[in-house]
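Source file: model-v8.txt (compact mmCIF, C-alpha atoms)
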# COMPACT_ATOMS: atom_id res chain seq x y z
CA MET Y 1004 29.08 24.21 -39.80
CA ILE Y 1005 29.24 27.14 -37.36
CA GLU Y 1006 32.39 29.27 -37.74
CA LYS Y 1007 34.17 30.83 -34.77
CA ASP Y 1008 37.59 32.40 -34.30
CA VAL Y 1009 38.36 30.90 -30.87
CA ILE Y 1010 36.60 28.02 -29.17
CA ILE Y 1011 37.25 27.29 -25.50
CA VAL Y 1012 36.14 23.88 -24.30
CA GLY Y 1013 35.20 24.21 -20.64
CA GLY Y 1014 33.25 26.92 -18.82
CA GLY Y 1015 35.27 26.95 -15.62
CA ALA Y 1016 37.84 29.30 -14.08
CA SER Y 1017 40.60 28.98 -16.68
CA GLY Y 1018 38.13 28.92 -19.59
CA PHE Y 1019 36.46 32.19 -18.59
CA PHE Y 1020 39.73 33.89 -17.68
CA ALA Y 1021 41.17 33.00 -21.10
CA ALA Y 1022 38.01 34.04 -22.96
CA ILE Y 1023 37.75 37.45 -21.26
CA ASN Y 1024 41.42 38.33 -21.75
CA ILE Y 1025 41.39 37.23 -25.41
CA ALA Y 1026 38.18 39.10 -26.21
CA GLN Y 1027 39.31 42.26 -24.41
CA GLN Y 1028 42.43 42.47 -26.58
CA ASN Y 1029 40.72 41.44 -29.82
CA PRO Y 1030 37.24 43.01 -29.90
CA HIS Y 1031 36.57 41.94 -33.51
CA ILE Y 1032 36.99 38.19 -33.06
CA LYS Y 1033 34.35 35.64 -32.08
CA VAL Y 1034 35.19 33.86 -28.81
CA THR Y 1035 32.92 30.99 -27.79
CA ILE Y 1036 32.91 28.91 -24.60
CA LEU Y 1037 31.46 25.40 -24.83
CA GLU Y 1038 30.29 24.06 -21.45
CA ARG Y 1039 29.17 20.44 -21.21
CA GLY Y 1040 26.84 21.05 -18.23
CA LYS Y 1041 23.84 23.26 -17.63
CA ASP Y 1042 25.84 25.69 -15.45
CA VAL Y 1043 29.20 27.42 -15.79
CA LEU Y 1044 31.82 28.14 -13.09
CA THR Y 1045 30.45 25.42 -10.79
CA LYS Y 1046 33.83 24.74 -9.17
CA VAL Y 1047 34.38 28.45 -8.55
CA LYS Y 1048 31.02 28.52 -6.77
CA VAL Y 1049 31.89 25.81 -4.22
CA SER Y 1050 35.60 26.51 -3.78
CA GLY Y 1051 36.81 27.67 -0.38
CA GLY Y 1052 33.52 26.64 1.21
CA GLY Y 1053 31.57 28.94 -1.12
CA ARG Y 1054 33.93 31.89 -0.57
CA CYS Y 1055 36.28 31.18 -3.53
CA ASN Y 1056 39.94 30.94 -2.54
CA VAL Y 1057 41.13 33.09 -5.47
CA THR Y 1058 44.88 32.86 -4.87
CA HIS Y 1059 47.54 32.76 -2.14
CA ALA Y 1060 49.63 35.62 -0.74
CA GLU Y 1061 52.96 34.30 -2.02
CA PHE Y 1062 54.78 36.85 -4.19
CA ILE Y 1063 58.06 35.15 -5.08
CA PRO Y 1064 57.87 32.77 -8.08
CA GLN Y 1065 60.54 30.43 -6.68
CA GLU Y 1066 58.52 30.08 -3.46
CA LEU Y 1067 55.14 29.84 -5.18
CA VAL Y 1068 56.16 26.86 -7.36
CA LEU Y 1069 57.02 24.80 -4.24
CA ASN Y 1070 53.27 24.32 -3.70
CA TYR Y 1071 52.89 22.26 -6.89
CA PRO Y 1072 53.73 18.54 -6.55
CA ARG Y 1073 53.34 18.33 -10.34
CA GLY Y 1074 54.18 21.43 -12.41
CA GLU Y 1075 56.82 23.03 -10.18
CA LYS Y 1076 59.50 23.26 -12.90
CA GLU Y 1077 57.13 24.16 -15.74
CA LEU Y 1078 55.35 27.00 -13.88
CA LEU Y 1079 58.47 28.91 -12.81
CA GLY Y 1080 58.75 30.83 -16.12
CA PRO Y 1081 55.00 31.56 -16.39
CA PHE Y 1082 54.90 32.84 -12.79
CA HIS Y 1083 57.57 35.41 -13.68
CA THR Y 1084 55.08 36.75 -16.25
CA PHE Y 1085 51.79 36.59 -14.31
CA MET Y 1086 51.32 35.62 -10.69
CA THR Y 1087 49.70 36.63 -7.41
CA GLY Y 1088 50.17 40.41 -7.60
CA ASP Y 1089 48.89 40.43 -11.19
CA THR Y 1090 45.84 38.40 -10.16
CA ILE Y 1091 45.04 40.87 -7.36
CA ALA Y 1092 45.41 43.81 -9.78
CA TRP Y 1093 43.27 42.10 -12.46
CA PHE Y 1094 40.34 41.66 -10.08
CA GLU Y 1095 40.74 45.09 -8.48
CA GLU Y 1096 40.58 46.75 -11.91
CA ARG Y 1097 37.18 45.10 -12.25
CA GLY Y 1098 35.91 46.22 -8.85
CA VAL Y 1099 36.67 43.01 -6.93
CA GLU Y 1100 38.86 43.61 -3.89
CA LEU Y 1101 40.65 40.63 -2.32
CA LYS Y 1102 41.72 40.17 1.31
CA ILE Y 1103 44.52 38.10 2.83
CA GLU Y 1104 43.68 35.75 5.69
CA GLU Y 1105 46.08 34.71 8.46
CA ASP Y 1106 47.15 31.53 6.65
CA GLY Y 1107 47.85 33.38 3.38
CA ARG Y 1108 44.70 32.36 1.53
CA MET Y 1109 43.03 35.18 -0.42
CA PHE Y 1110 39.29 35.68 -0.83
CA PRO Y 1111 37.00 38.43 -2.15
CA ILE Y 1112 36.18 40.81 0.72
CA SER Y 1113 32.51 39.91 0.16
CA ASN Y 1114 33.36 36.36 1.37
CA SER Y 1115 31.23 35.05 -1.49
CA SER Y 1116 32.26 33.15 -4.61
CA GLN Y 1117 29.27 34.76 -6.35
CA THR Y 1118 31.32 37.97 -6.49
CA ILE Y 1119 33.89 36.21 -8.71
CA ILE Y 1120 31.19 34.53 -10.81
CA ASP Y 1121 29.36 37.84 -11.34
CA CYS Y 1122 32.63 39.52 -12.33
CA PHE Y 1123 33.34 36.84 -14.96
CA LEU Y 1124 29.81 36.84 -16.36
CA GLU Y 1125 29.73 40.66 -16.60
CA GLU Y 1126 33.15 40.78 -18.31
CA ALA Y 1127 32.18 38.01 -20.72
CA LYS Y 1128 29.02 39.90 -21.64
CA LYS Y 1129 30.90 43.19 -21.96
CA TYR Y 1130 33.36 41.70 -24.47
CA ASN Y 1131 30.74 39.63 -26.34
CA VAL Y 1132 32.02 36.22 -25.31
CA GLU Y 1133 29.45 33.64 -26.37
CA VAL Y 1134 28.66 30.95 -23.79
CA LEU Y 1135 26.96 27.77 -25.04
CA LYS Y 1136 25.79 25.31 -22.36
CA ASN Y 1137 24.90 21.62 -22.61
CA GLN Y 1138 27.58 21.16 -25.28
CA PRO Y 1139 29.68 18.10 -24.37
CA VAL Y 1140 32.46 17.66 -26.93
CA ILE Y 1141 32.43 14.26 -28.65
CA ASN Y 1142 35.55 14.59 -30.79
CA LEU Y 1143 38.07 17.01 -32.32
CA GLU Y 1144 39.57 17.03 -35.82
CA ASN Y 1145 42.24 19.13 -37.48
CA GLN Y 1146 41.50 20.01 -41.12
CA ASP Y 1147 43.46 22.47 -43.26
CA ASN Y 1148 44.80 24.34 -40.20
CA ASN Y 1149 41.28 24.65 -38.80
CA TRP Y 1150 39.82 22.78 -35.85
CA ILE Y 1151 36.48 21.01 -36.15
CA VAL Y 1152 34.68 20.57 -32.84
CA ASN Y 1153 31.79 18.09 -32.70
CA THR Y 1154 29.40 18.34 -29.76
CA LYS Y 1155 26.26 16.29 -29.19
CA THR Y 1156 24.16 18.89 -31.02
CA ASN Y 1157 26.53 21.07 -33.06
CA LYS Y 1158 29.46 21.03 -35.46
CA LEU Y 1159 31.72 24.06 -35.09
CA THR Y 1160 34.99 25.17 -36.65
CA CYS Y 1161 37.65 27.55 -35.36
CA LYS Y 1162 41.19 28.77 -35.97
CA LYS Y 1163 42.30 28.52 -32.32
CA LEU Y 1164 41.16 25.81 -29.90
CA ILE Y 1165 41.68 25.94 -26.12
CA ILE Y 1166 41.02 22.96 -23.86
CA ALA Y 1167 40.14 24.15 -20.34
CA THR Y 1168 38.04 21.24 -19.09
CA GLY Y 1169 39.74 20.50 -15.78
CA SER Y 1170 39.89 16.87 -14.66
CA ASN Y 1171 37.56 15.35 -17.23
CA PRO Y 1172 38.35 11.73 -18.23
CA LYS Y 1173 36.08 11.90 -21.30
CA ILE Y 1174 38.02 14.84 -22.75
CA TRP Y 1175 41.32 13.16 -21.88
CA LYS Y 1176 40.23 10.30 -24.17
CA VAL Y 1177 39.50 12.80 -26.98
CA ILE Y 1178 42.95 14.38 -26.40
CA GLU Y 1179 44.61 10.95 -26.55
CA ASN Y 1180 42.96 10.41 -29.93
CA LEU Y 1181 44.93 13.46 -31.13
CA GLY Y 1182 48.18 11.69 -30.21
CA HIS Y 1183 48.79 13.34 -26.84
CA SER Y 1184 49.91 11.32 -23.80
CA VAL Y 1185 47.68 11.60 -20.76
CA THR Y 1186 48.78 10.54 -17.28
CA SER Y 1187 46.04 8.50 -15.61
CA PRO Y 1188 44.32 10.54 -12.91
CA VAL Y 1189 44.53 9.75 -9.20
CA PRO Y 1190 43.00 11.83 -6.39
CA SER Y 1191 45.34 14.56 -5.16
CA LEU Y 1192 43.51 16.24 -2.27
CA PHE Y 1193 41.96 13.84 0.22
CA THR Y 1194 41.63 13.18 3.94
CA PHE Y 1195 42.76 10.02 5.76
CA ASN Y 1196 40.31 7.42 7.04
CA ILE Y 1197 41.53 6.21 10.44
CA LYS Y 1198 39.73 4.11 13.05
CA ASP Y 1199 41.57 4.46 16.35
CA LYS Y 1200 40.42 4.66 19.97
CA ARG Y 1201 42.62 7.70 20.58
CA ILE Y 1202 40.64 9.86 18.16
CA GLU Y 1203 37.21 8.24 17.76
CA ASP Y 1204 35.47 10.39 20.39
CA ILE Y 1205 37.11 13.77 19.68
CA PRO Y 1206 35.99 14.97 16.22
CA GLY Y 1207 36.51 18.71 15.76
CA VAL Y 1208 39.70 18.85 17.82
CA VAL Y 1209 42.58 20.75 16.16
CA ALA Y 1210 46.27 20.38 17.02
CA LYS Y 1211 48.12 23.37 15.58
CA ASN Y 1212 51.81 22.46 15.20
CA VAL Y 1213 51.96 18.88 14.02
CA THR Y 1214 54.55 16.97 11.99
CA ILE Y 1215 53.31 13.92 10.10
CA LYS Y 1216 55.37 11.28 8.30
CA VAL Y 1217 54.23 8.42 6.11
CA ILE Y 1218 56.16 5.41 7.41
CA ASP Y 1219 58.47 3.73 4.85
CA SER Y 1220 58.57 6.81 2.62
CA ASP Y 1221 60.09 10.30 2.38
CA LEU Y 1222 56.68 11.94 2.67
CA GLU Y 1223 56.43 14.45 5.51
CA SER Y 1224 54.40 17.57 6.24
CA TYR Y 1225 53.84 20.13 8.97
CA GLY Y 1226 50.85 22.24 10.01
CA PRO Y 1227 47.45 22.09 11.69
CA LEU Y 1228 45.77 18.69 12.11
CA LEU Y 1229 41.99 18.26 12.41
CA ILE Y 1230 40.42 15.15 13.97
CA THR Y 1231 37.24 14.25 12.05
CA HIS Y 1232 34.46 11.65 12.36
CA TRP Y 1233 36.28 9.53 9.78
CA GLY Y 1234 39.91 10.20 10.68
CA MET Y 1235 42.23 13.14 10.04
CA SER Y 1236 42.16 16.24 7.84
CA ALA Y 1237 43.37 19.90 7.65
CA PRO Y 1238 46.39 21.37 5.81
CA SER Y 1239 49.02 18.94 7.17
CA ILE Y 1240 47.06 15.95 5.83
CA LEU Y 1241 46.04 17.61 2.55
CA LYS Y 1242 49.65 18.55 1.81
CA LEU Y 1243 50.71 14.94 2.39
CA SER Y 1244 47.89 13.73 0.12
CA ALA Y 1245 48.95 16.10 -2.68
CA PHE Y 1246 52.67 15.35 -2.61
CA GLY Y 1247 52.00 11.65 -2.00
CA ALA Y 1248 49.16 11.28 -4.53
CA LEU Y 1249 50.95 8.72 -6.73
CA GLU Y 1250 52.73 6.87 -3.91
CA LEU Y 1251 49.59 6.54 -1.74
CA ALA Y 1252 47.50 5.40 -4.73
CA LYS Y 1253 50.06 2.59 -5.29
CA ARG Y 1254 49.53 1.56 -1.68
CA ASP Y 1255 45.75 1.48 -2.27
CA TYR Y 1256 45.45 4.10 0.50
CA LYS Y 1257 46.50 1.62 3.19
CA PHE Y 1258 49.58 2.78 5.09
CA LYS Y 1259 50.88 3.91 8.48
CA ILE Y 1260 51.61 7.47 9.59
CA GLU Y 1261 53.70 8.71 12.49
CA VAL Y 1262 52.30 11.84 14.14
CA ASN Y 1263 54.35 14.24 16.27
CA PHE Y 1264 51.64 16.27 18.01
CA ILE Y 1265 54.06 18.72 19.66
CA ASN Y 1266 56.78 19.08 17.00
CA LEU Y 1267 59.54 18.19 19.49
CA ASN Y 1268 61.81 15.16 19.41
CA PHE Y 1269 61.40 12.28 21.86
CA ASP Y 1270 64.37 13.20 24.09
CA ILE Y 1271 63.28 16.82 24.50
CA ALA Y 1272 59.73 15.62 25.26
CA ILE Y 1273 61.11 13.30 28.00
CA SER Y 1274 63.08 16.20 29.51
CA ARG Y 1275 60.04 18.51 29.46
CA LEU Y 1276 57.79 15.84 30.99
CA LYS Y 1277 60.27 15.30 33.83
CA SER Y 1278 60.21 19.06 34.56
CA ILE Y 1279 56.40 19.06 34.45
CA LYS Y 1280 56.39 16.07 36.85
CA LYS Y 1281 58.41 18.09 39.38
CA GLU Y 1282 56.36 21.25 38.97
CA PHE Y 1283 52.89 19.63 39.15
CA ASN Y 1284 53.76 16.60 41.28
CA LYS Y 1285 50.51 16.62 43.31
CA LYS Y 1286 48.20 17.28 40.36
CA LYS Y 1287 46.47 14.65 38.24
CA VAL Y 1288 48.18 14.12 34.89
CA ILE Y 1289 44.92 13.94 32.99
CA ASN Y 1290 43.52 17.24 34.26
CA TYR Y 1291 46.13 19.67 33.00
CA SER Y 1292 46.89 19.65 29.27
CA GLN Y 1293 50.52 20.41 28.37
CA PHE Y 1294 52.33 21.63 25.23
CA ASN Y 1295 49.27 23.75 24.26
CA LEU Y 1296 47.43 20.61 23.20
CA PRO Y 1297 43.60 20.62 23.22
CA LYS Y 1298 42.32 19.10 26.48
CA ARG Y 1299 40.39 16.29 24.80
CA LEU Y 1300 43.42 15.20 22.76
CA TRP Y 1301 45.71 15.36 25.83
CA TYR Y 1302 43.19 13.20 27.73
CA GLN Y 1303 43.22 10.51 25.03
CA LEU Y 1304 47.02 10.46 24.71
CA VAL Y 1305 47.41 10.15 28.50
CA ILE Y 1306 44.98 7.20 28.61
CA ALA Y 1307 46.82 5.60 25.64
CA SER Y 1308 50.04 5.90 27.66
CA LYS Y 1309 48.52 3.59 30.32
CA ILE Y 1310 48.23 6.39 32.86
CA ASN Y 1311 44.88 6.14 34.63
CA LYS Y 1312 42.58 9.03 35.51
CA GLU Y 1313 43.58 9.12 39.19
CA THR Y 1314 47.37 9.15 38.69
CA ASN Y 1315 49.25 12.21 39.98
CA TRP Y 1316 52.39 13.40 38.22
CA ALA Y 1317 54.44 12.34 41.27
CA ASP Y 1318 53.29 8.73 40.85
CA CYS Y 1319 54.16 8.46 37.13
CA THR Y 1320 56.71 5.72 36.50
CA LYS Y 1321 59.64 6.02 34.12
CA VAL Y 1322 57.82 3.70 31.67
CA GLN Y 1323 54.65 5.83 31.78
CA ILE Y 1324 56.64 9.01 31.09
CA GLU Y 1325 58.29 7.25 28.11
CA ASN Y 1326 54.89 6.01 26.91
CA LEU Y 1327 53.52 9.55 27.05
CA ALA Y 1328 56.53 10.97 25.21
CA ASN Y 1329 55.97 8.30 22.55
CA GLN Y 1330 52.29 9.22 22.18
CA LEU Y 1331 53.18 12.90 21.92
CA THR Y 1332 56.05 12.60 19.42
CA LYS Y 1333 55.79 9.23 17.66
CA ALA Y 1334 52.14 8.16 17.66
CA VAL Y 1335 51.51 5.61 14.91
CA PHE Y 1336 48.11 5.43 13.18
CA ASN Y 1337 46.87 3.00 10.54
CA VAL Y 1338 45.29 4.73 7.53
CA ASP Y 1339 42.68 2.58 5.80
CA GLY Y 1340 41.28 4.52 2.85
CA LYS Y 1341 40.58 8.13 1.93
CA SER Y 1342 37.73 10.60 1.65
CA THR Y 1343 37.79 13.14 -1.18
CA PHE Y 1344 36.18 16.56 -1.33
CA LYS Y 1345 33.48 15.80 -3.88
CA GLU Y 1346 32.87 19.47 -4.72
CA GLU Y 1347 36.52 20.49 -4.80
CA PHE Y 1348 37.86 17.32 -6.39
CA VAL Y 1349 41.44 17.73 -7.56
CA THR Y 1350 43.43 15.07 -9.39
CA ALA Y 1351 47.03 14.38 -10.22
CA GLY Y 1352 46.98 13.48 -13.89
CA GLY Y 1353 46.34 15.02 -17.28
CA VAL Y 1354 48.15 16.03 -20.45
CA ASP Y 1355 51.87 15.19 -20.33
CA LEU Y 1356 53.76 18.41 -19.58
CA LYS Y 1357 56.58 17.52 -21.99
CA GLU Y 1358 54.09 17.91 -24.86
CA VAL Y 1359 53.21 21.54 -24.03
CA ASN Y 1360 55.16 24.75 -24.68
CA PHE Y 1361 54.92 26.74 -21.43
CA LYS Y 1362 55.86 30.01 -23.12
CA ASN Y 1363 52.34 30.11 -24.57
CA PHE Y 1364 50.62 26.89 -23.36
CA GLU Y 1365 50.37 25.61 -26.94
CA SER Y 1366 50.54 21.92 -27.84
CA LYS Y 1367 53.91 20.86 -29.24
CA LEU Y 1368 52.11 18.30 -31.43
CA HIS Y 1369 49.37 20.48 -32.96
CA LYS Y 1370 49.51 24.14 -33.96
CA ASN Y 1371 46.73 26.37 -32.59
CA LEU Y 1372 45.76 23.85 -29.88
CA TYR Y 1373 46.19 25.09 -26.29
CA PHE Y 1374 45.82 23.52 -22.84
CA VAL Y 1375 45.19 25.42 -19.62
CA GLY Y 1376 44.32 24.64 -16.00
CA GLU Y 1377 43.84 21.19 -14.51
CA VAL Y 1378 43.48 19.44 -17.88
CA LEU Y 1379 47.29 19.51 -17.70
CA ASN Y 1380 49.17 17.20 -15.34
CA ILE Y 1381 49.53 20.06 -12.84
CA ASP Y 1382 48.04 20.17 -9.37
CA ALA Y 1383 48.70 21.97 -6.12
CA ILE Y 1384 48.15 21.75 -2.41
CA THR Y 1385 45.07 23.44 -1.00
CA GLY Y 1386 45.09 27.22 -0.47
CA GLY Y 1387 44.31 28.96 -3.78
CA PHE Y 1388 47.25 27.56 -5.74
CA ASN Y 1389 45.20 25.59 -8.28
CA PHE Y 1390 43.32 28.76 -9.22
CA GLN Y 1391 46.59 30.69 -9.57
CA ASN Y 1392 47.76 28.08 -12.07
CA ALA Y 1393 44.50 28.62 -13.99
CA TRP Y 1394 44.82 32.44 -14.04
CA THR Y 1395 48.51 32.35 -15.07
CA GLY Y 1396 48.09 29.88 -17.92
CA ALA Y 1397 44.95 31.58 -19.24
CA TYR Y 1398 46.51 35.03 -19.17
CA ILE Y 1399 49.75 34.01 -20.90
CA LEU Y 1400 47.82 32.08 -23.52
CA SER Y 1401 45.57 35.09 -24.15
CA GLN Y 1402 48.57 37.37 -24.71
CA SER Y 1403 50.21 35.10 -27.27
CA ILE Y 1404 47.30 33.54 -29.13
CA PHE Y 1405 47.07 36.13 -31.93
CA LYS Y 1406 50.66 37.38 -31.95
Could I get this file's structure written as structure tokens?
Amino acid sequence: MIEKDVIIVGGGASGFFAAINIAQQNPHIKVTILERGKDVLTKVKVSGGGRCNVTHAEFIPQELVLNYPRGEKELLGPFHTFMTGDTIAWFEERGVELKIEEDGRMFPISNSSQTIIDCFLEEAKKYNVEVLKNQPVINLENQDNNWIVNTKTNKLTCKKLIIATGSNPKIWKVIENLGHSVTSPVPSLFTFNIKDKRIEDIPGVVAKNVTIKVIDSDLESYGPLLITHWGMSAPSILKLSAFGALELAKRDYKFKIEVNFINLNFDIAISRLKSIKKEFNKKKVINYSQFNLPKRLWYQLVIASKINKETNWADCTKVQIENLANQLTKAVFNVDGKSTFKEEFVTAGGVDLKEVNFKNFESKLHKNLYFVGEVLNIDAITGGFNFQNAWTGAYILSQSIFK
């Protein structure tokens, strides 16, 4: 049996961050990462389109937690200990400078996730963190206050065991065998599949200030909307998918949404359209996009309002104006399925949060067993928030593990 001091199951973001911070503080202990695949940090590599969305420029804990559909209450305390500013400082101390983009997302100034990967690998080497690949964990046992970790090829023992495997159903089964409750996973970040004449010929079009509601629910979001070949995407949709993960799964991803493309109510839209009718009375409705909408989207919404290509504003009937106001502020679309980001797959689900002590991320059922990152039933909207959860949990765990 191979003896270690700390074993971390999972060679991803939270696993490496925990390993480096533990080893840096305790240079005489043996820290080992067990990675089931042939490569480590694979999700870091593809995140943010290969740029790695390290965190988000939100510096108030009470505001930061609002981006977590699951984990909001539990993360408030941890974020008071380690959050965005600490993350920025941690990377800068290691020569990795981050930049803030217009939407608040933060990336390395190199615009390459390899910068983050290289930083982690160099730090792990510097502090003698052992990384063993192709080591899928088969089962875990607790014997005489020591953990026994069985992989396909090895049997290891350690005093402290950290599970940092992300959304891995096989490990969730192993964790359940230890008596922990695991919430069944459902996709949390996904785009909406929609077949509709109004959007089928305009993929790539972006409407910037859109409000979307899921009909017959309280789910609502605001932000940019992207028309895609398969339906709709962008932050407004992804936020809805995250906060509605459980509800939309129950509906088998078949539901209706109401889209307000101009973020104005129906009555105000009618009033504005009447003013536009007076101002542009001799011009064709279809030729001049209003409300800062992309021309191709305006064109489709005008046609859907039963206004033909030759109609001038002056000739628009009261019914046509109402139809157009409806298309602009209350357009209903049928969603029939979802598409997930295969590389950046995020799930709602994981270890029950009631069974974890968030002062140190230790199991309440087993001493010296810790959970960090997406193995917990914590997930966030897109924008660097899932990584911030990983950094926070890993750092706090590393500070308390040998105290």
| said: Using all atoms listed in the file, can you tell me which of Y:Gln1065, Y:Asn1263, Y:Asn1056, Y:Asn1295 comes closest to Leu1327 of chain Y? | reply: Y:Asn1263
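Nearest-residue note for Glu1377 of chain Y: choosing from Y:Asp1121, Y:Glu1100, Y:Asp1355, Y:Asp1255, the minimum distance belongs to Y:Asp1355, counting all atoms listed in the file.
In this model, the gap between atom CA of Ala1351 of chain Y and atom CA of Met1235 of chain Y comes to 20.9 Å.
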Around (37.0, 29.9, -7.4), as given in the file, which residues come within 9 Å? Count all atoms listed in the file and list them as a compact mmCIF listing (two decimals) with C-alpha atoms, keeping the file's coordinate frame.
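Saved the output as result-v6.txt:
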# COMPACT_ATOMS: atom_id res chain seq x y z
CA GLY Y 1015 35.27 26.95 -15.62
CA ALA Y 1016 37.84 29.30 -14.08
CA LEU Y 1044 31.82 28.14 -13.09
CA THR Y 1045 30.45 25.42 -10.79
CA LYS Y 1046 33.83 24.74 -9.17
CA VAL Y 1047 34.38 28.45 -8.55
CA LYS Y 1048 31.02 28.52 -6.77
CA VAL Y 1049 31.89 25.81 -4.22
CA SER Y 1050 35.60 26.51 -3.78
CA GLY Y 1051 36.81 27.67 -0.38
CA GLY Y 1053 31.57 28.94 -1.12
CA ARG Y 1054 33.93 31.89 -0.57
CA CYS Y 1055 36.28 31.18 -3.53
CA ASN Y 1056 39.94 30.94 -2.54
CA VAL Y 1057 41.13 33.09 -5.47
CA THR Y 1058 44.88 32.86 -4.87
CA SER Y 1116 32.26 33.15 -4.61
CA ILE Y 1119 33.89 36.21 -8.71
CA ILE Y 1120 31.19 34.53 -10.81
CA GLY Y 1387 44.31 28.96 -3.78
CA PHE Y 1390 43.32 28.76 -9.22
| task | Please provide as number ranges by chain all residues within 12 Å of Tyr1256 of chain Y, with the sequence filter that same-chain residues fewer than 2 positions apart are discarded (counting all atoms listed in the file). | result | Y: 1189-1191, 1193-1197, 1217, 1244, 1247-1254, 1258-1260, 1337-1343
| Local residues around (32.0, 23.1, -36.2), at most 9 Å away, using all atoms listed in the file, as a list in words | Met1004, Ile1005, Glu1006, Lys1007, Trp1150, Ile1151, Val1152, Asn1153, Thr1154, Asn1157, Lys1158, Leu1159, Thr1160 and Cys1161 of chain Y
| said: Report, in Å with one decimal, the straight-line distance from atom CA of Arg1073 of chain Y to atom CA of Gly1353 of chain Y. | reply: 10.4 Å
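All residues of protein, DNA or RNA that reach within 6 Å of Arg1039 of chain Y, judged by only C-alpha atoms and not counting those fewer than 6 positions away in the chain, are Asn1137, Gln1138 and Pro1139 of chain Y.
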